[in-house]
file data19.txt (compact mmCIF, C-alpha atoms)
# COMPACT_ATOMS: atom_id res chain seq x y z
CA MET A 202 -7.70 204.42 104.49
CA ASP A 203 -5.95 203.60 107.79
CA LYS A 204 -4.10 200.34 108.44
CA LYS A 205 -6.98 198.62 110.19
CA GLU A 206 -9.38 199.41 107.34
CA LYS A 207 -6.78 198.14 104.85
CA VAL A 208 -6.42 194.88 106.79
CA ILE A 209 -10.20 194.45 106.97
CA GLU A 210 -10.72 195.17 103.26
CA THR A 211 -7.88 192.83 102.29
CA ALA A 212 -9.14 190.03 104.52
CA ARG A 213 -12.68 190.51 103.21
CA ARG A 214 -11.46 190.28 99.60
CA LEU A 215 -9.27 187.23 100.27
CA PHE A 216 -11.92 185.38 102.30
CA THR A 217 -14.49 186.13 99.61
CA GLU A 218 -12.22 184.96 96.82
CA TYR A 219 -10.54 181.92 98.43
CA GLY A 220 -12.51 181.08 101.56
CA TYR A 221 -11.54 181.32 105.21
CA LYS A 222 -9.49 178.14 105.49
CA LYS A 223 -7.26 178.84 102.48
CA VAL A 224 -6.16 182.30 103.59
CA SER A 225 -3.38 182.75 106.13
CA MET A 226 -2.60 185.70 108.35
CA ASP A 227 0.72 185.94 106.47
CA GLU A 228 -1.15 186.43 103.20
CA ILE A 229 -3.41 189.06 104.71
CA ALA A 230 -0.38 190.91 106.10
CA LYS A 231 1.46 190.73 102.77
CA GLU A 232 -1.53 191.89 100.73
CA SER A 233 -2.25 194.67 103.23
CA ASN A 234 1.39 195.85 103.27
CA VAL A 235 1.53 195.52 107.06
CA THR A 236 3.21 193.13 109.46
CA LYS A 237 1.41 190.28 111.15
CA LYS A 238 2.13 192.06 114.41
CA THR A 239 0.07 195.00 113.13
CA ILE A 240 -2.85 192.68 112.33
CA TYR A 241 -2.66 191.20 115.82
CA THR A 242 -3.12 194.67 117.31
CA TYR A 243 -6.58 194.69 115.69
CA PHE A 244 -7.51 191.01 115.83
CA LYS A 245 -6.51 188.44 118.42
CA ASP A 246 -6.36 185.71 115.79
CA LYS A 247 -7.90 184.58 112.51
CA GLU A 248 -11.03 183.36 114.30
CA SER A 249 -11.65 186.80 115.80
CA MET A 250 -11.39 188.16 112.25
CA PHE A 251 -14.00 185.57 111.20
CA LYS A 252 -16.28 186.76 114.01
CA TYR A 253 -15.78 190.36 112.86
CA PHE A 254 -17.07 189.50 109.39
CA ILE A 255 -19.98 187.47 110.74
CA ASP A 256 -20.96 190.42 112.94
CA GLU A 257 -20.70 192.65 109.88
CA GLU A 258 -23.00 190.33 107.92
CA LEU A 259 -25.51 190.34 110.79
CA LYS A 260 -25.34 194.14 110.85
CA HIS A 261 -26.24 194.25 107.14
CA MET A 262 -29.14 191.92 107.85
CA ARG A 263 -30.37 194.19 110.66
CA LEU A 264 -30.24 197.21 108.31
CA ILE A 265 -32.45 195.38 105.82
CA VAL A 266 -34.91 194.53 108.60
CA GLU A 267 -34.97 198.12 109.92
CA LYS A 268 -35.60 199.56 106.47
CA ILE A 269 -38.57 197.24 105.94
CA LYS A 270 -39.80 197.73 109.51
CA ASN A 271 -39.92 201.50 108.97
CA SER A 272 -41.80 201.25 105.67
CA ASN A 273 -45.50 202.11 105.39
CA ASP A 274 -46.49 198.62 104.25
CA THR A 275 -48.88 196.32 106.13
CA PHE A 276 -47.57 194.07 108.87
CA ILE A 277 -47.99 190.89 106.87
CA ASN A 278 -46.23 192.36 103.81
CA LYS A 279 -43.39 193.69 105.97
CA LEU A 280 -43.02 190.30 107.59
CA GLY A 281 -43.04 188.35 104.33
CA ASN A 282 -40.79 190.73 102.46
CA GLY A 283 -38.45 191.17 105.41
CA VAL A 284 -37.82 187.48 105.91
CA TYR A 285 -37.50 186.97 102.16
CA GLN A 286 -34.98 189.81 101.72
CA VAL A 287 -32.85 188.70 104.66
CA ILE A 288 -32.67 185.12 103.39
CA THR A 289 -31.96 186.36 99.86
CA TYR A 290 -29.19 188.59 101.19
CA ARG A 291 -27.68 185.64 103.01
CA ASN A 292 -27.87 183.43 99.93
CA ASN A 293 -26.36 186.10 97.64
CA SER A 294 -23.48 187.16 99.90
CA LYS A 295 -20.37 185.51 98.48
CA LEU A 296 -18.37 186.31 101.62
CA PHE A 297 -21.09 184.85 103.83
CA SER A 298 -21.36 181.76 101.62
CA ASN A 299 -17.61 181.14 101.62
CA LEU A 300 -17.25 181.61 105.36
CA ILE A 301 -20.14 179.28 106.06
CA LYS A 302 -19.05 176.71 103.45
CA ASP A 303 -15.61 176.38 105.03
CA PHE A 304 -17.08 175.65 108.44
CA LYS A 305 -19.96 173.55 107.17
CA ASP A 306 -17.55 171.32 105.19
CA GLU A 307 -15.65 170.43 108.33
CA ASN A 308 -18.85 170.00 110.37
CA SER A 309 -17.46 172.38 112.92
CA ASN A 310 -19.16 173.86 115.91
CA LYS A 311 -18.39 177.30 114.43
CA TYR A 312 -20.86 176.71 111.61
CA GLU A 313 -23.51 175.39 113.96
CA SER A 314 -23.08 178.24 116.44
CA PHE A 315 -23.14 180.88 113.72
CA SER A 316 -26.09 179.29 111.98
CA LYS A 317 -28.00 179.28 115.27
CA LEU A 318 -27.03 182.91 115.92
CA TYR A 319 -28.21 183.93 112.45
CA ASP A 320 -31.47 181.98 112.80
CA LYS A 321 -32.00 183.46 116.27
CA GLU A 322 -31.59 187.02 114.92
CA ILE A 323 -34.23 186.48 112.26
CA ILE A 324 -36.62 184.66 114.59
CA ASN A 325 -36.23 187.46 117.16
CA TYR A 326 -37.16 189.99 114.46
CA ILE A 327 -40.27 187.99 113.57
CA GLU A 328 -41.19 187.53 117.26
CA THR A 329 -40.91 191.27 117.88
CA ALA A 330 -43.05 192.03 114.83
CA ILE A 331 -45.72 189.54 115.91
CA SER A 332 -45.71 190.79 119.52
CA ASP A 333 -46.08 194.40 118.36
CA GLU A 334 -49.08 193.48 116.23
CA ILE A 335 -50.70 191.47 119.02
CA GLU A 336 -50.36 194.53 121.27
CA LYS A 337 -52.00 196.66 118.56
CA ASN A 338 -54.76 194.06 118.37
CA THR A 339 -54.22 193.64 114.61
CA ILE A 340 -53.53 189.91 114.88
CA LYS A 341 -54.86 187.35 117.29
CA PRO A 342 -52.82 186.20 120.29
CA CYS A 343 -50.62 183.17 119.64
CA ASP A 344 -47.47 181.42 120.79
CA VAL A 345 -45.15 184.12 119.48
CA HIS A 346 -41.94 182.08 119.48
CA LEU A 347 -43.52 179.03 117.84
CA SER A 348 -45.21 181.19 115.20
CA ALA A 349 -41.97 183.02 114.43
CA PHE A 350 -40.07 179.75 114.20
CA ILE A 351 -42.64 178.24 111.82
CA ILE A 352 -42.70 181.31 109.57
CA TYR A 353 -38.91 181.41 109.34
CA LYS A 354 -38.53 177.69 108.69
CA VAL A 355 -41.18 177.78 105.96
CA PHE A 356 -39.25 180.54 104.16
CA ILE A 357 -35.92 178.73 104.61
CA SER A 358 -37.32 175.40 103.44
CA VAL A 359 -38.89 176.81 100.31
CA MET A 360 -35.91 178.98 99.40
CA LEU A 361 -33.30 176.29 99.99
CA GLU A 362 -35.04 172.97 99.50
CA TYR A 363 -38.03 173.39 97.18
CA ASP A 364 -37.66 171.01 94.25
CA LYS A 365 -38.97 173.35 91.52
CA GLU A 366 -38.02 176.75 90.15
CA ILE A 367 -39.72 179.49 92.14
CA ASP A 368 -40.83 182.93 91.14
CA GLU A 369 -39.84 185.07 94.11
CA LYS A 370 -42.82 187.42 93.89
CA LYS A 371 -45.28 184.54 93.69
CA PHE A 372 -43.50 182.75 96.51
CA VAL A 373 -43.66 185.72 98.89
CA SER A 374 -47.24 186.42 97.83
CA LYS A 375 -48.26 182.81 98.50
CA ILE A 376 -46.62 182.74 101.95
CA ILE A 377 -48.28 186.07 102.81
CA SER A 378 -51.63 184.73 101.61
CA ILE A 379 -51.30 181.59 103.73
CA LEU A 380 -50.34 183.65 106.79
CA LYS A 381 -53.11 186.16 106.23
CA ASP A 382 -55.97 183.99 105.04
CA GLY A 383 -55.02 180.45 106.05
CA LEU A 384 -55.47 177.37 103.92
CA LEU A 385 -59.01 176.34 104.70
CA VAL A 386 -62.06 177.62 102.91
CA LYS A 387 -64.76 178.78 105.26
CA LYS A 388 -68.02 176.88 104.80
CA GLU A 389 -71.11 179.05 104.62
CA ASP A 390 -72.85 177.20 107.47
CA GLU A 391 -69.94 177.96 109.83
CA GLU A 392 -70.20 181.72 109.35
call {"tool": "encode", "arguments": {"input": "data19.txt", "output": "structure tokens"}}
result
Amino acid sequence: MDKKEKVIETARRLFTEYGYKKVSMDEIAKESNVTKKTIYTYFKDKESMFKYFIDEELKHMRLIVEKIKNSNDTFINKLGNGVYQVITYRNNSKLFSNLIKDFKDENSNKYESFSKLYDKEIINYIETAISDEIEKNTIKPCDVHLSAFIIYKVFISVMLEYDKEIDEKKFVSKIISILKDGLLVKKEDEE
């Protein structure tokens, strides 16, 4: 492992264990067995290191999306499972949680800007998926951005704010059913 990789691995471990705010560049240097000057050849400052890890988390999210996108499942199942897996990944990433918690606690613009970036990435994925299906004529034309936003916010709300225990499979299945079939029962005389 070269020095840069050692610095990155050490910083990742320390940020995951203690959070961003509690870890100093001195501690990262000491734990990495390098000088601070060496760290500064790779990262301008601690914030640029934070951005590196956020970019890394977004890269992991994109890999999840690509894997699902390339599966042989139906559009609606890909969409439901993709959004669910990305949100689950975000919620289960201790590094991600600690980085976000530090910035959320201080109500900083960093949290807000990252949160918007993360949301935008997921919404863009959903928009692209919807647009592709509209072009294939497998779903009806709609306001793509609004639809993507609604789908994402429904998933986020249920996963983070729902007041009862949820069974993940039932949750994804229910969202998929609502997207696919809607909520209203068709009356026979309207057919």
call {"tool": "atom_distance", "arguments": {"input": "data19.txt", "atom1": "atom CA of A:Ala212", "atom2": "atom CA of A:Asn299"}}
result
12.6 Å
call {"tool": "closest_atom_pairs", "arguments": {"input": "data19.txt", "of": "stretch 260-336 of chain A", "to": "stretch 360-369 of chain A", "cutoff": "12 Å", "atoms": "all atoms listed in the file", "output": "CSV"}}
result
residue,atom,partner,partner_atom,distance
A:Gly281,CA,A:Glu369,CA,11.2
A:Asn282,CA,A:Glu369,CA,10.1
A:Val284,CA,A:Met360,CA,10.9
A:Tyr285,CA,A:Glu369,CA,8.6
A:Gln286,CA,A:Glu369,CA,10.2
A:Val287,CA,A:Met360,CA,11.5
A:Ile288,CA,A:Met360,CA,8.0
A:Thr289,CA,A:Met360,CA,8.4
A:Tyr290,CA,A:Met360,CA,11.9
A:Arg291,CA,A:Met360,CA,11.2
A:Asn292,CA,A:Leu361,CA,9.0
call {"tool": "write_last_selection", "arguments": {"input": "data19.txt", "atoms": "C-alpha atoms", "output": "CSV table (one decimal), in the coordinates of the input"}}
result
chain,number,residue,atom,x,y,z
A,281,GLY,CA,-43.0,188.4,104.3
A,282,ASN,CA,-40.8,190.7,102.5
A,284,VAL,CA,-37.8,187.5,105.9
A,285,TYR,CA,-37.5,187.0,102.2
A,286,GLN,CA,-35.0,189.8,101.7
A,287,VAL,CA,-32.8,188.7,104.7
A,288,ILE,CA,-32.7,185.1,103.4
A,289,THR,CA,-32.0,186.4,99.9
A,290,TYR,CA,-29.2,188.6,101.2
A,291,ARG,CA,-27.7,185.6,103.0
A,292,ASN,CA,-27.9,183.4,99.9
call {"tool": "residues_around", "arguments": {"input": "data19.txt", "residues": "stretch 243-260 of chain A", "least_positions_apart": "4", "cutoff": "9 Å", "atoms": "all atoms listed in the file", "output": "PyMOL selection string"}}
result
chain A and resi 205+208-209+212-213+221+225-226+239+264-265+291+294+296-297+300+315+319+322
call {"tool": "closest_residue", "arguments": {"input": "data19.txt", "among": "A:Ile277, A:Lys295, A:Val266, A:Phe216", "to": "A:Ile324", "atoms": "only C-alpha atoms"}}
result
A:Val266
call {"tool": "residues_near_point", "arguments": {"input": "data19.txt", "point": "(-45.8, 191.6, 110.8)", "cutoff": "9 Å", "atoms": "all atoms listed in the file", "output": "list of chain:residue names"}}
result
A:Lys270, A:Thr275, A:Phe276, A:Ile277, A:Asn278, A:Lys279, A:Leu280, A:Gly281, A:Ile327, A:Glu328, A:Thr329, A:Ala330, A:Ile331, A:Ser332, A:Asp333, A:Glu334, A:Ile340
call {"tool": "write_last_selection", "arguments": {"input": "data19.txt", "atoms": "C-alpha atoms", "output": "mmCIF file, keeping the file's coordinate frame"}}
result
data_model
loop_
_atom_site.group_PDB
_atom_site.id
_atom_site.type_symbol
_atom_site.label_atom_id
_atom_site.label_comp_id
_atom_site.auth_asym_id
_atom_site.auth_seq_id
_atom_site.Cartn_x
_atom_site.Cartn_y
_atom_site.Cartn_z
ATOM 1 C CA LYS A 270 -39.800 197.730 109.510
ATOM 2 C CA THR A 275 -48.880 196.320 106.130
ATOM 3 C CA PHE A 276 -47.570 194.070 108.870
ATOM 4 C CA ILE A 277 -47.990 190.890 106.870
ATOM 5 C CA ASN A 278 -46.230 192.360 103.810
ATOM 6 C CA LYS A 279 -43.390 193.690 105.970
ATOM 7 C CA LEU A 280 -43.020 190.300 107.590
ATOM 8 C CA GLY A 281 -43.040 188.350 104.330
ATOM 9 C CA ILE A 327 -40.270 187.990 113.570
ATOM 10 C CA GLU A 328 -41.190 187.530 117.260
ATOM 11 C CA THR A 329 -40.910 191.270 117.880
ATOM 12 C CA ALA A 330 -43.050 192.030 114.830
ATOM 13 C CA ILE A 331 -45.720 189.540 115.910
ATOM 14 C CA SER A 332 -45.710 190.790 119.520
ATOM 15 C CA ASP A 333 -46.080 194.400 118.360
ATOM 16 C CA GLU A 334 -49.080 193.480 116.230
ATOM 17 C CA ILE A 340 -53.530 189.910 114.880
#
call {"tool": "atom_distance", "arguments": {"input": "data19.txt", "atom1": "atom CA of A:Tyr219", "atom2": "atom CA of A:Ser298"}}
result
11.3 Å
call {"tool": "residues_around", "arguments": {"input": "data19.txt", "residues": "A:Glu210", "least_positions_apart": "6", "cutoff": "10 Å", "atoms": "all atoms listed in the file", "output": "PyMOL selection string"}}
result
chain A and resi 202+204+216+229+233
call {"tool": "atom_distance", "arguments": {"input": "data19.txt", "atom1": "atom CA of A:Lys268", "atom2": "atom CA of A:Ile323"}}
result
14.4 Å
call {"tool": "closest_residue", "arguments": {"input": "data19.txt", "among": "A:Thr242, A:Thr211, A:Asn271, A:Thr339", "to": "A:Glu228", "atoms": "all atoms listed in the file"}}
result
A:Thr211
call {"tool": "closest_residue", "arguments": {"input": "data19.txt", "among": "A:Ser374, A:Ile269, A:Lys381, A:Tyr326", "to": "A:Lys341", "atoms": "all atoms listed in the file"}}
result
A:Lys381
